[in-house]
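K.L.:
My questions all concern the structure below.
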Amino acid sequence: MTRYDNDEERTFVALPPAQGRGFAQTWWGRAWLKALEDAAMDTAQVKTGRRLARAGAVGAVSVRPGRITAVVQDRDRTAHRADVLLERLSDTQWDRFVDMAIERSAHVAALLDRDMPPHLVEDAAAAGIDLLPGMGDLEPECDCGAWDHCGHTAALCYQVARLLDQDPFVLLLMRGRSAGVVLDALQTHGSAPGKEAASRAEGVDAAEAYATGQVLPPLPVPPGLPEGPGVPPSLESEVAPPPGVDPARLALLASLAATEAHRLLADALSSGLGRRDVGPEPTVAQDAVRLAAGDPGPDALGRLGEGSGRTREELAVAVRAWRIGGAAALSVLEEEWPVEGDTLARARAALDSAWEEDERPRLRARANRWTVVGAPHQLRLGRDGRWWPYREEHGRWVPVGGAARDPATALASAALGAGDEP
C-alpha cells in the first residue's frame with residue numbers, strides 16, 4: 001500500500017528523456033498541457049520547451065502549494081530557474097471538495113488508486129472548485145527575463161505532465177493540500193456519511209460521459225492470439241469433493257471451455273468479424289456433439305450420447321459431421337426436410353447444369369436427399385443452398401466432406417474420399 005505523508009513540498013528526481021513517447025498518457029495530463037498550449041502567446045516557445053523536455057534538459061522538479069520549480073538547461077548548457085505558479089484553493093474550497101468527494105465512494109477509491117476520473121473533476125467544478133488549470137491559469141516566471149511562457153517554463157510544464165500521469169496528488173499539492181492531508185480529511189469526514197450521500201445513485205451522467213469522451217485515451221491494442229488454449233488449474237486435492245461433484249467432469253468442462261474461448265478469440269481477432277451473422281445458440285443435443293468432438297474419453301462419451309438421445313454409433317457419426325462443418329453439417333445429418341417451391345426449382349436447375357447430358361448420374365430424390373442409383377453416394381441439400389457429400393458405410397449414411405455450391409463438386413468429393421471413380 002502506498003504511504004502518503006503530509007509534507008507540503010515534494011521533490012522529484014529528473015526524469016530520463018522522453019524520446020519515442022508522448023508527455024501525457026492520462027486525460028488529466030493532457031488537460032494540463034492543453035492549458036499551457038492554449039495560453040502561450042508564442043507557439044515557437046512551446047515547441048522549444050517540448051524539445052528541451054524530450055531531451056532530458058529539465059532537472060529535479062520541486063512541487064509545493066501554488067508553485068512548481070526546476071532548473072532547465074538550454075542547448076548551450078546555460079541553466080535557468082523556471083517557475084510556474086498556480087492559484088491555491090481556499091480553505092472553504094477544500095472543505096467543499098472533501099464534502100463532494102465523500103458523497104461518492106468511487107471518488108475516494110479512485111484517488112487511492114492514483115486515478116482522477118472525469119466525473120470527479122466535473123463534480124468538483126460544479127461545487128466551484130477548479131482542480132485542473134484552464135487557459136491563463138499557469139503563470140510563468142523565469143530568470144531568462146521572458147514575460148510570457150518561454151522554452152524553460154514550457155519544458156517544466158511538459159515534465160510535470162509526466163509526473164501527473166504517475167500521481168494526480170501532485171496536482172492537489174499544487175492546489176494547496178498534500179496527499180496525506182487530503183486523505184486524512186476524507187477519512188475523518190467520511191466515517192459517518194449522511195443520508196443524502198448514502199442514497200445518491202452511483203454512475204456518470206450520460207452528457208458528462210459524452211463530453212469527456214474527447215479527452216479519454218484511445219483503446220488499447222487488441223491482444224494477440226495465444227498459440228493454444230490455456231491449461232485449467234488442477235482440481236486434484238486431498239479433500240473429498242462435495243456430494244454430487246465429479247472433479248473429472250469439472251476438469252473436462254474447464255478444458256473444453258478454454259478450447260472454446262481460444263476459438264472465439266481467434267474469430268474476434270480475424271478480419272471481417274463485424275460482417276458475420278451471429279448464429280443461434282446451440283441446442284442441448286448440438287452442444288453434446290460439440291463436447292464429444294473434444295475427445296473427452298469413453299466414459300464421458302457414453303454420458304453425452306445418453307443425454308442427447310444417441311447411441312454410441314450415432315454419436316460417432318454426429319461428431320464426424322461436427323468436425324466437418326459444425327452445427328450446419330450436424331443439421332444436414334440429422335434433419336430431413338421437404339424441398340418445395342423456388343428452393344426445389346433452384347435445386348433441380350443446379351443438378352441439371354452440373355453435368356453434361358451424357359454424364360449426369362441417375363439420382364433418386366427423397367426430401368432434401370438425392371441418392372445416386374447403383375452407387376453408395378448421396379447429396380444432401382442444406383437450407384443455405386449448399387450441397388453436402390455423403391457415402392454409405394456399414395449400412396449408414398455418413399458425411400465425407402465439406403459443403404459445395406456445385407452439386408457435381410460435392411459428389412466428386414464423395415467418390416474421391418472413398419477411392420471410387422467420380
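By order in the C-alpha cells, chains are A, B, ...; within a chain, residues start at 1; ligands start at 1, following the order shown.
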As a ChimeraX atom specification, please: the residues near Arg312 (chain A) (cut-off 10 Å, only C-alpha atoms, same-chain neighbours under 6 positions excluded).

P.N.:
/A:298,301-306,318

K.L.:
For those residues, write N, CA and C atoms to a file as a short mmCIF file (atom, residue, chain, number, x, y, z; two decimals), in the first residue's frame.

P.N.:
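After the write, again.cif holds the following:
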```
data_model
loop_
_atom_site.label_atom_id
_atom_site.label_comp_id
_atom_site.auth_asym_id
_atom_site.auth_seq_id
_atom_site.Cartn_x
_atom_site.Cartn_y
_atom_site.Cartn_z
N PRO A 298 -14.00 -42.25 -23.09
CA PRO A 298 -15.13 -43.17 -23.27
C PRO A 298 -16.26 -42.95 -22.29
N LEU A 301 -18.16 -39.86 -23.22
CA LEU A 301 -18.87 -40.07 -24.48
C LEU A 301 -20.16 -40.84 -24.25
N GLY A 302 -20.10 -41.83 -23.36
CA GLY A 302 -21.31 -42.58 -23.06
C GLY A 302 -22.38 -41.70 -22.44
N ARG A 303 -21.98 -40.83 -21.52
CA ARG A 303 -22.96 -39.94 -20.88
C ARG A 303 -23.52 -38.92 -21.87
N LEU A 304 -22.65 -38.40 -22.76
CA LEU A 304 -23.12 -37.43 -23.74
C LEU A 304 -24.09 -38.05 -24.72
N GLY A 305 -23.80 -39.29 -25.14
CA GLY A 305 -24.71 -39.97 -26.04
C GLY A 305 -26.05 -40.23 -25.38
N GLU A 306 -26.01 -40.71 -24.15
CA GLU A 306 -27.25 -40.99 -23.43
C GLU A 306 -28.04 -39.71 -23.17
N ALA A 318 -22.34 -38.22 -35.64
CA ALA A 318 -22.63 -36.81 -35.38
C ALA A 318 -21.35 -36.02 -35.13
#
```

K.L.:
Report as a PyMOL selection string: the residues of region 46-257 of chain A with a DSSP assignment of alpha helix (DSSP H), based on the backbone of this structure.

P.N.:
chain A and resi 46-54+91-102+105-112+118-126+151-166+169-174+179-189+195-199+206-212+247-257

K.L.:
When distances are computed from only C-alpha atoms, which of A:Thr188, A:Arg249, A:Val332, A:Glu9 shows the smallest separation from Asp299 (chain A)?

P.N.:
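Nearest to Asp299 (chain A): A:Arg249.
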
K.L.:
When you count only C-alpha atoms, which of these residues is closest to Arg96 (chain A): A:Ala127, A:Leu36, A:Val239, A:Ala53?

P.N.:
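Checking each candidate against Arg96 (chain A), we get A:Ala127 as the closest.
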
K.L.:
Which one is closest to Arg323 (chain A): A:Ala354, A:Leu344, A:Val63, A:Leu291? Count only C-alpha atoms.

P.N.:
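Answer, going by the shortest atom-to-atom distance: A:Leu291.
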
K.L.:
Would you kindly return, as a PDB file with N, CA, C and O atoms, in the first residue's frame, each protein, DNA or RNA residue with an atom no farther than 6 Å from any atom of region 142-157 of chain A, considering only C-alpha atoms and excluding same-chain residues fewer than 2 positions away?

P.N.:
```
ATOM      1  N   ALA A  40      -0.249  30.043 -24.252  1.00  0.00           N
ATOM      2  CA  ALA A  40       1.048  30.586 -24.663  1.00  0.00           C
ATOM      3  C   ALA A  40       0.887  31.489 -25.880  1.00  0.00           C
ATOM      4  O   ALA A  40       0.256  31.106 -26.871  1.00  0.00           O
ATOM      5  N   GLN A  45       7.918  29.035 -28.650  1.00  0.00           N
ATOM      6  CA  GLN A  45       8.494  28.761 -27.335  1.00  0.00           C
ATOM      7  C   GLN A  45       7.960  27.447 -26.762  1.00  0.00           C
ATOM      8  O   GLN A  45       8.679  26.713 -26.083  1.00  0.00           O
ATOM      9  N   VAL A  46       6.691  27.156 -27.033  1.00  0.00           N
ATOM     10  CA  VAL A  46       6.111  25.892 -26.566  1.00  0.00           C
ATOM     11  C   VAL A  46       6.831  24.721 -27.227  1.00  0.00           C
ATOM     12  O   VAL A  46       7.162  23.716 -26.581  1.00  0.00           O
ATOM     13  N   THR A  48       9.850  24.770 -28.383  1.00  0.00           N
ATOM     14  CA  THR A  48      11.196  24.702 -27.810  1.00  0.00           C
ATOM     15  C   THR A  48      11.166  23.975 -26.476  1.00  0.00           C
ATOM     16  O   THR A  48      12.028  23.139 -26.182  1.00  0.00           O
ATOM     17  N   GLY A  49      10.173  24.297 -25.653  1.00  0.00           N
ATOM     18  CA  GLY A  49      10.044  23.622 -24.363  1.00  0.00           C
ATOM     19  C   GLY A  49       9.826  22.131 -24.506  1.00  0.00           C
ATOM     20  O   GLY A  49      10.387  21.324 -23.744  1.00  0.00           O
ATOM     21  N   ARG A  50       9.029  21.754 -25.506  1.00  0.00           N
ATOM     22  CA  ARG A  50       8.793  20.329 -25.725  1.00  0.00           C
ATOM     23  C   ARG A  50      10.090  19.618 -26.112  1.00  0.00           C
ATOM     24  O   ARG A  50      10.370  18.515 -25.658  1.00  0.00           O
ATOM     25  N   LEU A  52      13.159  20.597 -25.332  1.00  0.00           N
ATOM     26  CA  LEU A  52      14.041  20.545 -24.167  1.00  0.00           C
ATOM     27  C   LEU A  52      13.615  19.431 -23.208  1.00  0.00           C
ATOM     28  O   LEU A  52      14.455  18.681 -22.683  1.00  0.00           O
ATOM     29  N   ALA A  53      12.323  19.325 -22.960  1.00  0.00           N
ATOM     30  CA  ALA A  53      11.841  18.284 -22.055  1.00  0.00           C
ATOM     31  C   ALA A  53      12.111  16.901 -22.634  1.00  0.00           C
ATOM     32  O   ALA A  53      12.510  15.964 -21.912  1.00  0.00           O
ATOM     33  N   VAL A  72      16.286  24.370 -15.768  1.00  0.00           N
ATOM     34  CA  VAL A  72      16.215  23.868 -17.140  1.00  0.00           C
ATOM     35  C   VAL A  72      17.455  24.363 -17.888  1.00  0.00           C
ATOM     36  O   VAL A  72      17.802  25.552 -17.811  1.00  0.00           O
ATOM     37  N   ARG A  81      16.501  29.036 -13.899  1.00  0.00           N
ATOM     38  CA  ARG A  81      15.470  28.623 -12.944  1.00  0.00           C
ATOM     39  C   ARG A  81      14.113  29.001 -13.521  1.00  0.00           C
ATOM     40  O   ARG A  81      13.869  30.158 -13.848  1.00  0.00           O
ATOM     41  N   ALA A  82      13.261  28.006 -13.651  1.00  0.00           N
ATOM     42  CA  ALA A  82      11.915  28.225 -14.188  1.00  0.00           C
ATOM     43  C   ALA A  82      10.887  27.891 -13.117  1.00  0.00           C
ATOM     44  O   ALA A  82      11.012  26.885 -12.409  1.00  0.00           O
ATOM     45  N   PRO A 140       3.840  31.951 -15.689  1.00  0.00           N
ATOM     46  CA  PRO A 140       5.264  31.622 -15.769  1.00  0.00           C
ATOM     47  C   PRO A 140       6.151  32.658 -15.081  1.00  0.00           C
ATOM     48  O   PRO A 140       5.841  33.855 -15.040  1.00  0.00           O
ATOM     49  N   GLN A 159       7.302  18.416 -18.407  1.00  0.00           N
ATOM     50  CA  GLN A 159       7.819  17.411 -17.483  1.00  0.00           C
ATOM     51  C   GLN A 159       6.816  17.119 -16.374  1.00  0.00           C
ATOM     52  O   GLN A 159       6.654  15.966 -15.952  1.00  0.00           O
ATOM     53  N   VAL A 160       6.117  18.141 -15.893  1.00  0.00           N
ATOM     54  CA  VAL A 160       5.126  17.941 -14.832  1.00  0.00           C
ATOM     55  C   VAL A 160       3.966  17.086 -15.339  1.00  0.00           C
ATOM     56  O   VAL A 160       3.356  16.343 -14.577  1.00  0.00           O
TER      57      VAL A 160
END
```

K.L.:
So the first atom is CA of Arg290 (chain A) and the second is CA of Ala408 (chain A); what is the distance between them in Å, to one decimal place?

P.N.:
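Spanning CA of Arg290 (chain A) to CA of Ala408 (chain A) is a straight-line distance of 29.5 Å.
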
K.L.:
Hey, what does DSSP flag as strand (DSSP E) within region 86-326 of chain A? Can you give it to me as a PyMOL selection string?

P.N.:
chain A and resi 139-142

K.L.:
Could you make a table, as a Markdown table, of the residues of region 50-121 of chain A that have an atom within 9 Å of an atom of region 24-31 of chain A, each with its nearest atom pair and distance in Å to one decimal, counting only C-alpha atoms, in chain and number order?

P.N.:
```
| residue | atom | partner | partner_atom | distance |
| --- | --- | --- | --- | --- |
| A:Met116 | CA | A:Trp28 | CA | 7.2 |
| A:Pro117 | CA | A:Trp28 | CA | 8.6 |
| A:Pro118 | CA | A:Trp28 | CA | 8.3 |
```

K.L.:
Show me, as a short mmCIF file (atom, residue, chain, number, x, y, z; two decimals) with all heavy atoms, in the first residue's frame, the residues that have an atom within 6 Å of Leu138 (chain A) when counting only C-alpha atoms, minus same-chain residues fewer than 2 positions from it.

P.N.:
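Wrote it out as selection_15.cif, contents follow:
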```cif
data_model
loop_
_atom_site.label_atom_id
_atom_site.label_comp_id
_atom_site.auth_asym_id
_atom_site.auth_seq_id
_atom_site.Cartn_x
_atom_site.Cartn_y
_atom_site.Cartn_z
N LEU A 85 3.40 29.20 -11.62
CA LEU A 85 2.51 29.42 -10.47
C LEU A 85 1.09 29.00 -10.83
O LEU A 85 0.63 29.19 -11.96
CB LEU A 85 2.52 30.90 -10.05
CG LEU A 85 3.74 31.39 -9.23
CD1 LEU A 85 5.05 31.20 -9.96
CD2 LEU A 85 3.55 32.85 -8.85
N LEU A 86 0.40 28.43 -9.85
CA LEU A 86 -0.99 28.01 -10.00
C LEU A 86 -1.73 28.42 -8.73
O LEU A 86 -1.25 28.18 -7.62
CB LEU A 86 -1.08 26.49 -10.21
CG LEU A 86 -2.47 25.89 -10.42
CD1 LEU A 86 -3.11 26.43 -11.69
CD2 LEU A 86 -2.39 24.36 -10.48
N GLY A 136 -4.65 30.43 -19.17
CA GLY A 136 -4.14 31.55 -18.39
C GLY A 136 -3.90 31.25 -16.93
O GLY A 136 -3.44 32.13 -16.19
#
```

K.L.:
Find, counting only C-alpha atoms, the residue in A:Arg263, A:Val339, A:Ala101, A:Ala124 that gets nearest to Leu183 (chain A).

P.N.:
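Counting only C-alpha atoms, the residue closest to Leu183 (chain A) is A:Ala101.
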
K.L.:
Need to verify the contact set: Trp388 (chain A), 8 Å, only C-alpha atoms, exclusion of same-chain residues closer than 3 positions in sequence. Can you return it as a count of residues only?

P.N.:
12
